[in-house]
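Colleague: Below is the structure I would like to discuss, written out as structure tokens.
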2 protein chains.
Amino acid sequence: MMIDATHDPGLRSWVESANGHPDFPIQNLPLGVFIPQDRGPGRVGVAIGEYILDLAMAPLAEDVRAAAANPSLNALFALGEGPRKDMRVRLSSLLAEGSQHRAVLEPHLHLQEACTLLLPARIGDYTDFYVGIHHATNVGKVFRPDNPLLPNYKHVPIGYHGRASSVRVSGTPVRRPKGQLKSPESDTPRFAPCERLDYELEMGVWIGPGNSLGDAIPVGKADSHVAGFGLLNDWSARDIQAWEYQPLGPFLAKNFGSTVSPWVVTPEALEPFRVPQPARPDGDPAPLPYLLDEADQARGAFDLALEVLILTPAMREKGMGPHRLALSNARHMYWTVAQMVAHHTSNGCDLNPGDLLGSGTISAPDAGGFGSLLESTQGGKEPVSLPSGETRRFLQDGDEIIMRGRASRDGFAGIGFGDCRAVVLPAN
Amino acid sequence: MMIDATHDPGLRSWVESANGHPDFPIQNLPLGVFIPQDRGPGRVGVAIGEYILDLAMAPLAEDVRAAAANPSLNALFALGEGPRKDMRVRLSSLLAEGSQHRAVLEPHLHLQEACTLLLPARIGDYTDFYVGIHHATNVGKVFRPDNPLLPNYKHVPIGYHGRASSVRVSGTPVRRPKGQLKSPESDTPRFAPCERLDYELEMGVWIGPGNSLGDAIPVGKADSHVAGFGLLNDWSARDIQAWEYQPLGPFLAKNFGSTVSPWVVTPEALEPFRVPQPARPDGDPAPLPYLLDEADQARGAFDLALEVLILTPAMREKGMGPHRLALSNARHMYWTVAQMVAHHTSNGCDLNPGDLLGSGTISAPDAGGFGSLLESTQGGKEPVSLPSGETRRFLQDGDEIIMRGRASRDGFAGIGFGDCRAVVLPAN
């Protein structure tokens with residue numbers, strides 16, 4: 001692993017709130033776009049403790065400062081891993097205890113609470129994968145009891161195109177969609193507000209440098225095309241989906257809104273938490289050569305805890321905090337991010353800086369780690385109980401879903417992704 | 001129908017080549033983006049006979065000129081139908097025989113042949129529908145012999161998200177994709193160049209003013225959100241598709257490239273060719289209320305001939321012209337464009353100016369009008385014969401596919417869409 005001084009758990013920042021911060025210690029340094037004090041256009045920033053450093057005001061390399069002078073991360077993503085790694089080393093030193101630049105930088109720190117965080121990038125295209133094998137199996141049972149995991153699943157990193165326009169940053173409410181619903185008892189559908197609204201716990205992958213149309217990205221080079229990671233809630237209308245999805249896949253069941261976390265955690269920050277891709281169970285086919293890379297197999301997975309919580313109106317009224325619905329881990333991906341990128345471009349499809357990939361729902365094998373209500377409630381059959389005395393088969397208006405990601409490992413400072421949250425509004 | 005003086009078949013232009021031009025008489029006036037003499041950035045233009053008028057140089061309304069000062073049509077699309085209709089009336093008068101503006105405008109005419117035509121708009125999102133019912137039935141037979149048309153087809157305008165990044169303008173070659181192919185005889189897939197490369201004859205719909213996330217566009221107002229129309233070749237790798245498409249739909253089988261025609265034909269130009277939506281056969285369900293509008297039923301279809309031609313390397317060598325593979329018509333759409341737009345936004349999904357919708361393959365009911373080789377060759381079983389003595393089950397390297405659209409009607413000047421063409425390059 002490429003561990004360097006920026007990962008030193010003993011490293012402290014002169015930004016006091018960073019030291020021991022569960023999400024944003026100096027070892028993280030995730031990138032985002034913010035509006036200071038709700039004024040002016042978006043600016044590129046880096047999270048440090050309770051603050052955001054305005055990146056364009058920091059003494060960084062010329063190309064990085066120029067790229068940071070935009071209301072989105074696209075230009076910074078396009079620079080690629082070399083400049084990004086240099087920037088991390090430099091930022092780590094600028095923000096470290098004892099830095100001579102403290103006086104220059106301090107005026108350019110903004111309290112996160114006072115800022116508005118924006119979508120990190122202009123998303124050209126958004127692709128959602130399906131690499132959470134436990135999710136694919138669980139969902140397959142609901143839609144196709146006899147045939148949960150299709151024959152292609154262990155050969156093909158299954159993915160499909162999602163809607164880029166309706167991706168919103170954490171904190172933006174999501175409106176319950178209307179759509180065609182058809183119950184098994186009825187011959188015909190009706191048009192009504194979704195009755196089976198669900199979340200999906202996913203990891204988001206932000207694309208850095210892209211490829212030209214026609215030129216595949218080899219799996220061994222795919223990681224260098226990844227700019228960073230976030231959390232993604234792929235809101236899903238199960239009743240709309242069940243009726244519309246044959247033969248061309250989910251459409252209106254998904255494109256009414258997707259929520260991403262505002263901070264982009266770099267591959268460098270996640271470096272200490274890389275683990276080998278879990279060995280495939282006996283009998284599973286080996287990946288085809290275009291998907292197989294030794295280094296990727298050795299370090300392509302992430303040991304990253306992923307959590308979903310719910311806060312209902314009744315819980316808010318009672319002064320209760322959010323209740324955990326599931327604890328999963330990014331290790332439960334059947335395909336690595338590099339395999340997703342290599343597969344996506346294997347036919348020559350072009351990726352561009354700022355494109356977003358979703359992992360697909362990442363469920364743990366056990367019921368405490370299911371990444372959607374569809375799984376936790378067995379398709380709505382078994383409601384989950386909440387500490388407020390309420391139950392949920394699917395989401396109700398006013399419910400807030402909160403997703404969190406945290407990486408920790410002995411000998412390293414833990415880092416987090418920040419919240420990915422949104423409240424459900426009633427249908428229009 | 002809203003027919004006005006701009007549709008007068010007796011109207012002639014001082015641009016002599018426009019008079020009697022099969023595609024671009026003064027009654028058409030489609031919009032596009034061009035580079036004059038291969039120099040400089042893209043400019044917005046209008047096709048008139050063999051020429052392109054540089055729109056930003058014409059004496060038009062201020063908002064139109066400002067919108068035209070861009071290398072894409074997005075800003076013009078965003079203005080909506082009011083300014084676009086005014087622009088048409090004004091352009092028609094400026095370009096008509098006897099116009100006092102001839103001397104001012106003539107220097108801003110560019111010979112089409114000498115120009116490079118660009119993609120008309122920056123495509124935010126691209127959605128492909130499936131409204132060609134004969135195609136859906138024919139393809140259904142290949143993939144699901146027992147169940148060609150699924151139960152949702154006559155209730156739901158089926159659509160899915162395509163890839164915006166890999167849409168290219170007519171004239172850009174398309175590279176044969178590689179992908180996972182699995183023959184019925186084999187248990188496992190192999191990675192190889194596509195062996196069943198196909199075209200799909202579609203109508204493209206360019207979106208004008210969009211909607212806010214959460215706000216549906218009612219079917220009765222959907223037409224005012226359409227900026228214009230073009231042709232779309234939705235290149236398809238049938239072997240990749242057959243293996244990958246379950247359960248989430250086509251992905252790498254489609255996103256290696258899609259070709260659009262460069263000219264955007266406005267709704268105004270197509271006004272004389274609107275016809276009632278064909279009555280649904282007895283027994284078909286009525287559309288749900290959110291998809292049903294009386295005016296749309298009365299004028300939502302287009303009588304527009306759609307043609308696919310092929311030119312193989314051997315045909316080129318023998319000096320032969322392109323050979324017609326199919327003649328279809330836009331009337332064979334089971335759902336109208338307004339129904340597509342209303343359905344797409346019925347859950348609150350936001351459309352934006354420059355978004356592209358594809359109709360899905362439009363096949364006629366008879367074999368002479370099938371919009372893909374998959375249909376014409378019955379899944380590759382019956383090769384089509386070419387006048388060069390060659391046959392094709394699927395496309396070979398070097399084959400060029402040309403799509404054309406032409407509208408004609410007694411009492412009106414016929415108009416055309418211009419070519420949508422691309423050559424197949426060998427796999428990398």
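Chain labels follow the order of the structure tokens: the first chain is A, the next B, and so on; residue numbering restarts at 1 in every chain, and ligands are counted from 1 in their shown order.
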Report as a PyMOL selection string the set of chain B residues whose atoms approach chain A to within 8 Å, with distances computed over only C-alpha atoms.
Modeller: chain B and resi 124-125+150+152+155-156+158-166+175+177-180+189-191+213-215+243-252+255-257+288+290+344+346-352+428
Colleague: If you fit chain A onto chain B using every C-alpha atom, paired in order, what RMSD in Å do you get?
Modeller: 0.0 Å
Colleague: Using DSSP on the backbone coordinates, identify the residues of range 118-273 of chain B assigned to strand (DSSP E or B); present them as a ChimeraX atom specification.
Modeller: /B:118,126-129,132,159-161,167-169,174-175,178-181,190-193,197-198,201-207,226-233,236-237,258-260,264-265
Colleague: Determine, counting only C-alpha atoms, which protein, DNA and RNA residues have an atom within 6 Å of an atom of Phe229 in chain A; residues of the same chain fewer than 3 positions away are not included. Present the result as a VMD selection string.
Modeller: chain A and resid 204 to 206 264 to 265
Colleague: Could you list, as a list in words, every residue within 9 Å of Arg299 in chain B, counting only C-alpha atoms and ignoring same-chain residues fewer than 5 positions away?
Modeller: Met1, Arg274, Val275, Pro276, Gln277 and Glu294 of chain B
Colleague: Create the file for the chosen residues now, containing all heavy atoms and written as a CSV table (one decimal), in the first residue's frame.
Modeller:
```csv
chain,number,residue,atom,x,y,z
B,1,MET,N,-55.1,22.9,-37.7
B,1,MET,CA,-53.6,23.0,-37.8
B,1,MET,C,-53.2,24.5,-37.9
B,1,MET,O,-54.0,25.3,-38.5
B,1,MET,CB,-53.1,22.2,-39.0
B,1,MET,CG,-53.2,20.7,-38.7
B,1,MET,SD,-52.0,19.8,-39.8
B,1,MET,CE,-52.7,20.1,-41.4
B,274,ARG,N,-48.7,16.8,-39.5
B,274,ARG,CA,-49.3,16.2,-38.4
B,274,ARG,C,-50.6,15.5,-38.8
B,274,ARG,O,-51.4,16.0,-39.6
B,274,ARG,CB,-49.6,17.2,-37.3
B,274,ARG,CG,-48.4,17.7,-36.5
B,274,ARG,CD,-48.8,18.6,-35.4
B,274,ARG,NE,-47.7,18.9,-34.5
B,274,ARG,CZ,-47.4,18.1,-33.4
B,274,ARG,NH1,-48.0,17.0,-33.1
B,274,ARG,NH2,-46.3,18.5,-32.7
B,275,VAL,N,-50.8,14.3,-38.2
B,275,VAL,CA,-52.0,13.5,-38.4
B,275,VAL,C,-52.5,13.0,-37.1
B,275,VAL,O,-51.8,13.0,-36.1
B,275,VAL,CB,-51.7,12.4,-39.4
B,275,VAL,CG1,-51.4,12.9,-40.8
B,275,VAL,CG2,-50.6,11.5,-38.9
B,276,PRO,N,-53.8,12.6,-37.1
B,276,PRO,CA,-54.3,12.0,-35.9
B,276,PRO,C,-53.5,10.8,-35.4
B,276,PRO,O,-53.0,10.0,-36.3
B,276,PRO,CB,-55.8,11.6,-36.2
B,276,PRO,CG,-56.1,12.4,-37.4
B,276,PRO,CD,-54.8,12.6,-38.2
B,277,GLN,N,-53.4,10.6,-34.1
B,277,GLN,CA,-52.8,9.4,-33.6
B,277,GLN,C,-53.7,8.2,-34.1
B,277,GLN,O,-54.9,8.3,-33.9
B,277,GLN,CB,-52.7,9.5,-32.1
B,277,GLN,CG,-52.2,8.2,-31.4
B,277,GLN,CD,-50.7,8.0,-31.7
B,277,GLN,OE1,-50.1,8.6,-32.5
B,277,GLN,NE2,-50.1,7.1,-31.0
B,294,GLU,N,-57.1,15.3,-25.7
B,294,GLU,CA,-57.9,15.2,-27.0
B,294,GLU,C,-57.1,15.8,-28.2
B,294,GLU,O,-57.0,15.2,-29.2
B,294,GLU,CB,-59.2,16.0,-26.7
B,294,GLU,CG,-60.4,15.4,-27.5
B,294,GLU,CD,-61.6,16.1,-27.1
B,294,GLU,OE1,-62.0,16.0,-25.8
B,294,GLU,OE2,-62.3,16.7,-27.9
```
Colleague: Which residues, written as a JSON list (two decimals) with N, CA and C atoms, in the first residue's frame, have at least one atom at most 10 Å from Leu374 in chain A, with only C-alpha atoms counted and residues fewer than 5 positions away on the same chain left out?
Modeller:
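Writing the result to part-v1.json gives the following:
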```json
[["chain", "number", "residue", "atom", "x", "y", "z"],
["A", 135, "HIS", "N", -27.46, -8.06, -2.09],
["A", 135, "HIS", "CA", -28.64, -7.31, -2.52],
["A", 135, "HIS", "C", -29.25, -7.94, -3.77],
["A", 138, "ASN", "N", -31.07, -11.00, -2.77],
["A", 138, "ASN", "CA", -32.29, -10.72, -2.00],
["A", 138, "ASN", "C", -33.40, -10.16, -2.89],
["A", 139, "VAL", "N", -33.04, -9.20, -3.73],
["A", 139, "VAL", "CA", -34.03, -8.57, -4.60],
["A", 139, "VAL", "C", -34.52, -9.57, -5.64],
["A", 142, "VAL", "N", -37.39, -11.49, -4.55],
["A", 142, "VAL", "CA", -38.69, -10.81, -4.54],
["A", 142, "VAL", "C", -39.28, -10.76, -5.93],
["A", 196, "ARG", "N", -44.71, 2.23, -2.24],
["A", 196, "ARG", "CA", -43.60, 1.39, -1.79],
["A", 196, "ARG", "C", -42.27, 2.13, -2.05],
["A", 197, "LEU", "N", -42.15, 3.27, -1.36],
["A", 197, "LEU", "CA", -40.95, 4.09, -1.53],
["A", 197, "LEU", "C", -39.82, 3.55, -0.66],
["A", 198, "ASP", "N", -38.64, 3.48, -1.24],
["A", 198, "ASP", "CA", -37.51, 2.81, -0.58],
["A", 198, "ASP", "C", -36.23, 3.61, -0.82],
["A", 199, "TYR", "N", -35.23, 3.32, 0.00],
["A", 199, "TYR", "CA", -33.88, 3.85, -0.21],
["A", 199, "TYR", "C", -33.00, 2.71, -0.72],
["A", 200, "GLU", "N", -31.83, 3.07, -1.24],
["A", 200, "GLU", "CA", -30.80, 2.06, -1.54],
["A", 200, "GLU", "C", -29.46, 2.63, -1.12],
["A", 236, "SER", "N", -35.88, 4.55, -4.61],
["A", 236, "SER", "CA", -36.53, 3.60, -5.52],
["A", 236, "SER", "C", -38.01, 3.45, -5.20],
["A", 238, "ARG", "N", -40.66, 0.99, -5.57],
["A", 238, "ARG", "CA", -40.71, -0.45, -5.86],
["A", 238, "ARG", "C", -41.93, -0.85, -6.67],
["A", 379, "GLY", "N", -39.83, -7.54, 1.04],
["A", 379, "GLY", "CA", -40.80, -7.05, 0.06],
["A", 379, "GLY", "C", -42.04, -6.45, 0.70],
["A", 380, "GLY", "N", -41.90, -5.96, 1.93],
["A", 380, "GLY", "CA", -43.03, -5.32, 2.60],
["A", 380, "GLY", "C", -43.81, -6.28, 3.49],
["A", 381, "LYS", "N", -43.40, -7.52, 3.54],
["A", 381, "LYS", "CA", -44.16, -8.52, 4.31],
["A", 381, "LYS", "C", -43.92, -8.40, 5.81],
["A", 382, "GLU", "N", -42.68, -8.13, 6.22],
["A", 382, "GLU", "CA", -42.33, -8.08, 7.63],
["A", 382, "GLU", "C", -41.89, -6.68, 8.01],
["A", 393, "ARG", "N", -43.04, -0.58, 6.63],
["A", 393, "ARG", "CA", -42.81, -1.54, 5.53],
["A", 393, "ARG", "C", -42.05, -0.83, 4.40],
["A", 394, "PHE", "N", -42.52, 0.42, 4.13],
["A", 394, "PHE", "CA", -41.82, 1.30, 3.22],
["A", 394, "PHE", "C", -41.84, 2.70, 3.83]]
```
Colleague: By how many Å are CA of Gly80 in chain A and CA of Asp223 in chain A apart?
Modeller: 10.5 Å
Colleague: In Å, with one decimal, what is the gap from CA of Ala367 in chain A to CA of Ala407 in chain A?
Modeller: 21.4 Å
Colleague: Tell me, in Å to one decimal, how far CA of Ile402 in chain B is from CA of Asp419 in chain B.
Modeller: 6.4 Å
Colleague: Using only C-alpha atoms, determine which residues lie at most 12 Å from Ser261 in chain A, disregarding the query and same-chain residues fewer than 4 positions distant; provide the list as JSON, numbers by chain.
Modeller: {"A": [30, 31, 32, 33, 117, 118, 119, 120, 121, 167, 168, 169, 170, 171, 172, 201, 202, 203, 204, 205, 206, 228, 229, 230, 231, 232, 233, 234, 265, 402, 403, 404, 405, 416, 417, 418, 419, 420, 421, 422]}
